[in-house]
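Participant: Here it is, the structure in full.
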Amino acid sequence: MSEETHFYGSETSEDVIRTEGLTKIFNSHLVAVDHVNFDVKKGEIFGFLGPNGAGKTTTINMLITLLKPTEGNASVLGLDIRKQDNEVRNVIGVVPQEYTADEDLTGLENIFLCADLYGIPRRIAKERADELLTLVELIEFKDKKVQTFSGGMRRRLELACGLINRPKVLFLDEPTLGLDVQTRTATWNYIRKLKKEYGMTLFMTTHYLEEADVLCDRVAIIDHGKIITIGSPEELKHGLGGDSITLAIKENQDVTPLIQKIEHVKDVRKEDETYRIKAEVGEVTTPLIIEALRKNGYTVTKLSLTEPTLNEVYLEFTGKSMRDAEESREAAMKQRMTMRRARA
Amino acid sequence: MSQSDEYQAHRLHGIWALTNRELKKWYKAPVIFTLSIIQPILWMGLLGKAMNISALFGSSSLMPQSLTTSIAASLASHQMPALQIPGFMNDLGNLFSGLGNTVLKNTFGTTSYFSFMAVGMIAFTALFTTAFSGMSVVWDRRLGFLNKALSTPVSRGVIIFAKVLSATLRSMFQAGIIILIALAFGLTFGAAFNPIYLLGVFAIIFLVCIGLSSLFIAITIRSTRMETPMAVMNLITLPLMFASNAFFPTSVMPSWLQTVAQFNPMTYTTDAIRQLLVYDTIDFTKVALDFAYVGIFAVIVATIGIVLSWRYLSK
């Protein structure tokens, strides 16, 4: 290993991943990823959202050096993904969408296989395997064959395998695909733990918007190979025009001008007896509105506050039409296989 | 957290781990392991014993019992006491049986078709075992393991070579089993046989398997569906087998087939193994030529195969 790999170029720069016009064209006409630019900061969980065939997996595959970009470039921890591909592989961890663990081997043997792929000596691998299996709560099952594992246990084993080389960046492709709610929540906790306790940077793709919402510090929505928007889930949701407050008052008077004057309120519409208000920080604005109405002698009879979900943001940007037959046969098949095995 | 202080990864690291992963699927699965041993027994039983070619050329078929007795009866009825009938008949029988053996020996190089065929069986098994290595690539791709391995610092060449190596080691083990089983079934070593020649036998199996499995992997590495390697296997293996001297000597083939067989590495492999195991006199010049041909085949095909696969994997 060369001298530079000691530093990975990352200790000085804040950007763990940086892409510049990253482009992938398959068979010289199919543009899967089209001049994509984004940065992932150190220690953040970055989510990549998009419909099927939007270019999520192609992007992640370029970043983890499985595919070479047709145009543009990207760096991971300051390493060039084109020229220093092997160095990149050394410092990243990958948790693929599929269940890659060998069913005939035990959990521990699978971890050792991963360690061997990184050239980690058995002595070190043993220590790390114990640590990682404890982290993902599989230590008591380490000598059981993977055949007997549930979908959630397999997912955790994949996670442990992806961490064997103590990566600084972990790439997760659809980490909770096909898992039940309990297992999904547990997986989120492991991911948060990695960020908090190990200061790891995580890059994940997902289909599940609530997952991106609760987990990611920032998300990028990609469609037709292009990034449509990037920001924190909060920013994106507020970008839609803020929260909706619905209220009604006892008095038969139009209070629209009064409400309009209140801070953060962007829009008020009176529909029959109810007022529909768009406001920026709903949880702060709502008490202000009640306060103002009371002061002026009005009585609030009904009140509700709804925050926009990432779902709405997503549909706003990607449209509501369904995406059929845009994915390759292979990708679709892999996804079905993962879903089936998750339920096993 | 600087890893390079703790250990230094070897350039070829992971080769044994990946090879062993393949092999474990075989030796750790009792059913598959047993079947892989039963298969050659079945084939040897069918081809070597049921299709008893020795019997066609042997004394009993050239000189059937009924014919012997009828000659004896006619001689007796003509009252020719001067002839020692039993002795004469024996001589006649020996003559025919000797003739049969000569025919066998000239055709097959040994008087036992079974010994001839058993060697063909070794080549046959090697061919089929290596053909399956193409399937395992497709399988790994479908399981996502291929991508998983590709995202680690293990060399692309190592990923391919581990497949080649595991198929080769499996074939060599099976060849050993076949030789043992064939011995139990009546394989007779040639007069010139020396146990040290077994090393030569395994060496040539090693070479041909390296070549063959690189070939199959290179052909199937791009395919995403199981059907492709299956079709390729069916298309290639049987013609490769029968357009060689594995089950029948090339000398009795039509000339066009002889030409095909002349280029077929299976021909040279089986010839070398036969020379070393079952022939009474070993033509070492020919064995050397066999080794040279198979060796060159292995080096060229393995290089092309591994380079092609490598380039494809780092697309």
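Just so we're on the same page: first chain in the structure tokens is A, next is B, and so on; residues restart at 1 for each chain, and ligands are numbered from 1 in the order they show up.
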Counting only C-alpha atoms, which residues of chain A fall within 6 Å of chain B, and what is the closest atom pair for each with its distance in Å at one decimal, ordered by chain and rising number, as a Markdown table?

Facilitator:
```
| residue | atom | partner | partner_atom | distance |
| --- | --- | --- | --- | --- |
| A:His6 | CA | B:Ser2 | CA | 5.8 |
| A:Leu67 | CA | B:Lys315 | CA | 5.7 |
| A:Lys68 | CA | B:Lys315 | CA | 6.0 |
| A:Asn86 | CA | B:Pro153 | CA | 5.5 |
| A:Arg89 | CA | B:Pro153 | CA | 5.2 |
| A:Asn90 | CA | B:Pro153 | CA | 5.7 |
| A:Glu98 | CA | B:Gly144 | CA | 5.6 |
| A:Thr100 | CA | B:Phe145 | CA | 5.0 |
| A:Asp116 | CA | B:Gly14 | CA | 5.2 |
| A:Leu117 | CA | B:Gly14 | CA | 4.9 |
| A:Tyr118 | CA | B:Pro153 | CA | 5.8 |
| A:Gly119 | CA | B:Ala9 | CA | 4.7 |
```

Participant: List as a ChimeraX atom specification the protein and nucleic acid residues near A:Phe38, meaning an atom at most 10 Å away when only C-alpha atoms are counted, but skip any in the same chain fewer than 2 places from it.

Facilitator: /A:15,17-22,36,40-41,74,220,227,230

Participant: Store the residues picked out above in a file with N, CA and C atoms, as a JSON list (two decimals), in the first residue's frame.

Facilitator:
```json
[["chain", "number", "residue", "atom", "x", "y", "z"],
["A", 15, "ASP", "N", -15.54, 16.84, 2.27],
["A", 15, "ASP", "CA", -16.34, 16.03, 1.36],
["A", 15, "ASP", "C", -15.78, 14.62, 1.28],
["A", 17, "ILE", "N", -17.51, 12.14, -0.35],
["A", 17, "ILE", "CA", -17.77, 11.75, -1.73],
["A", 17, "ILE", "C", -18.02, 13.04, -2.52],
["A", 18, "ARG", "N", -17.43, 13.11, -3.68],
["A", 18, "ARG", "CA", -17.68, 14.27, -4.52],
["A", 18, "ARG", "C", -17.75, 13.80, -5.97],
["A", 19, "THR", "N", -18.82, 14.16, -6.65],
["A", 19, "THR", "CA", -18.92, 13.77, -8.05],
["A", 19, "THR", "C", -18.91, 15.01, -8.92],
["A", 20, "GLU", "N", -18.30, 14.85, -10.07],
["A", 20, "GLU", "CA", -18.24, 15.97, -11.02],
["A", 20, "GLU", "C", -18.68, 15.48, -12.39],
["A", 21, "GLY", "N", -19.89, 15.82, -12.75],
["A", 21, "GLY", "CA", -20.41, 15.44, -14.07],
["A", 21, "GLY", "C", -20.40, 13.95, -14.31],
["A", 22, "LEU", "N", -20.62, 13.20, -13.24],
["A", 22, "LEU", "CA", -20.58, 11.74, -13.33],
["A", 22, "LEU", "C", -21.66, 11.23, -14.29],
["A", 36, "VAL", "N", -24.09, 13.98, -13.14],
["A", 36, "VAL", "CA", -24.57, 14.12, -11.77],
["A", 36, "VAL", "C", -23.48, 14.78, -10.92],
["A", 40, "VAL", "N", -21.01, 14.50, -0.55],
["A", 40, "VAL", "CA", -21.46, 13.92, 0.70],
["A", 40, "VAL", "C", -20.46, 14.33, 1.76],
["A", 41, "LYS", "N", -20.99, 14.95, 2.83],
["A", 41, "LYS", "CA", -20.11, 15.48, 3.87],
["A", 41, "LYS", "C", -19.73, 14.38, 4.85],
["A", 74, "ALA", "N", -15.51, 10.95, -10.06],
["A", 74, "ALA", "CA", -15.94, 11.08, -8.67],
["A", 74, "ALA", "C", -14.76, 10.71, -7.79],
["A", 220, "ALA", "N", -30.96, 13.11, -1.93],
["A", 220, "ALA", "CA", -30.96, 13.59, -3.30],
["A", 220, "ALA", "C", -32.04, 12.80, -4.02],
["A", 227, "ILE", "N", -30.04, 14.48, -11.13],
["A", 227, "ILE", "CA", -30.46, 14.84, -9.78],
["A", 227, "ILE", "C", -31.41, 16.01, -9.87],
["A", 230, "ILE", "N", -31.59, 18.33, -4.06],
["A", 230, "ILE", "CA", -30.81, 17.83, -2.94],
["A", 230, "ILE", "C", -31.10, 18.71, -1.74]]
```

Participant: Could you pull out the residues in stretch 78-163 of chain A that DSSP calls strand (DSSP E or B) from the backbone, as a ChimeraX atom specification?

Facilitator: /A:79-80,92-95,106,145

Participant: Interatomic distance between atom CA of A:Asp243 and atom CA of A:Glu307?

Facilitator: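 Pair atom CA of A:Asp243 / atom CA of A:Glu307 returns 4.6 Å.
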
Participant: For B:Ala123, list every protein, DNA or RNA residue within 8 Å, evaluated using only C-alpha atoms, and leave out those in the same chain fewer than 6 positions away; present the list as a PyMOL selection string.

Facilitator: chain B and resi 205+246+266+269-270

Participant: At a cut-off of 6 Å, using only C-alpha atoms, what residues contact stretch 209-220 of chain B? Leave out same-chain residues fewer than 6 positions from it and give the result as a tab-separated table (two decimals) with C-alpha atoms, in the first residue's frame.

Facilitator:
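File produced: part-v4.tsv:
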```tsv
chain	number	residue	atom	x	y	z
B	130	THR	CA	-15.17	-27.73	-15.87
B	131	ALA	CA	-18.24	-26.99	-17.96
B	134	GLY	CA	-19.33	-21.40	-16.24
B	164	VAL	CA	-10.83	-22.12	-12.71
B	168	THR	CA	-9.57	-28.10	-11.79
B	229	PRO	CA	-24.27	-21.69	-19.98
B	298	ALA	CA	-4.04	-24.35	-21.46
B	301	VAL	CA	-6.97	-20.36	-23.58
B	302	ALA	CA	-6.47	-19.49	-19.91
B	305	GLY	CA	-10.21	-16.38	-20.96
B	309	SER	CA	-13.22	-11.97	-18.13
```

Participant: For stretch 268-281 of chain A, list every protein, DNA or RNA residue within 6 Å, evaluated using only C-alpha atoms, and leave out those in the same chain fewer than 6 positions away; present the list as a PyMOL selection string.

Facilitator: chain A and resi 242-248

Participant: Calculated over only C-alpha atoms, which of the candidates A:Asn252, A:Asn52, A:Ser28, A:Thr286 has the smallest distance to A:Val265?

Facilitator: A:Thr286

Participant: What does the distance from atom CA of A:Lys295 to atom CA of A:Ile262 come to in Å, to one decimal?

Facilitator: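 These atoms are spaced 12.9 Å apart.
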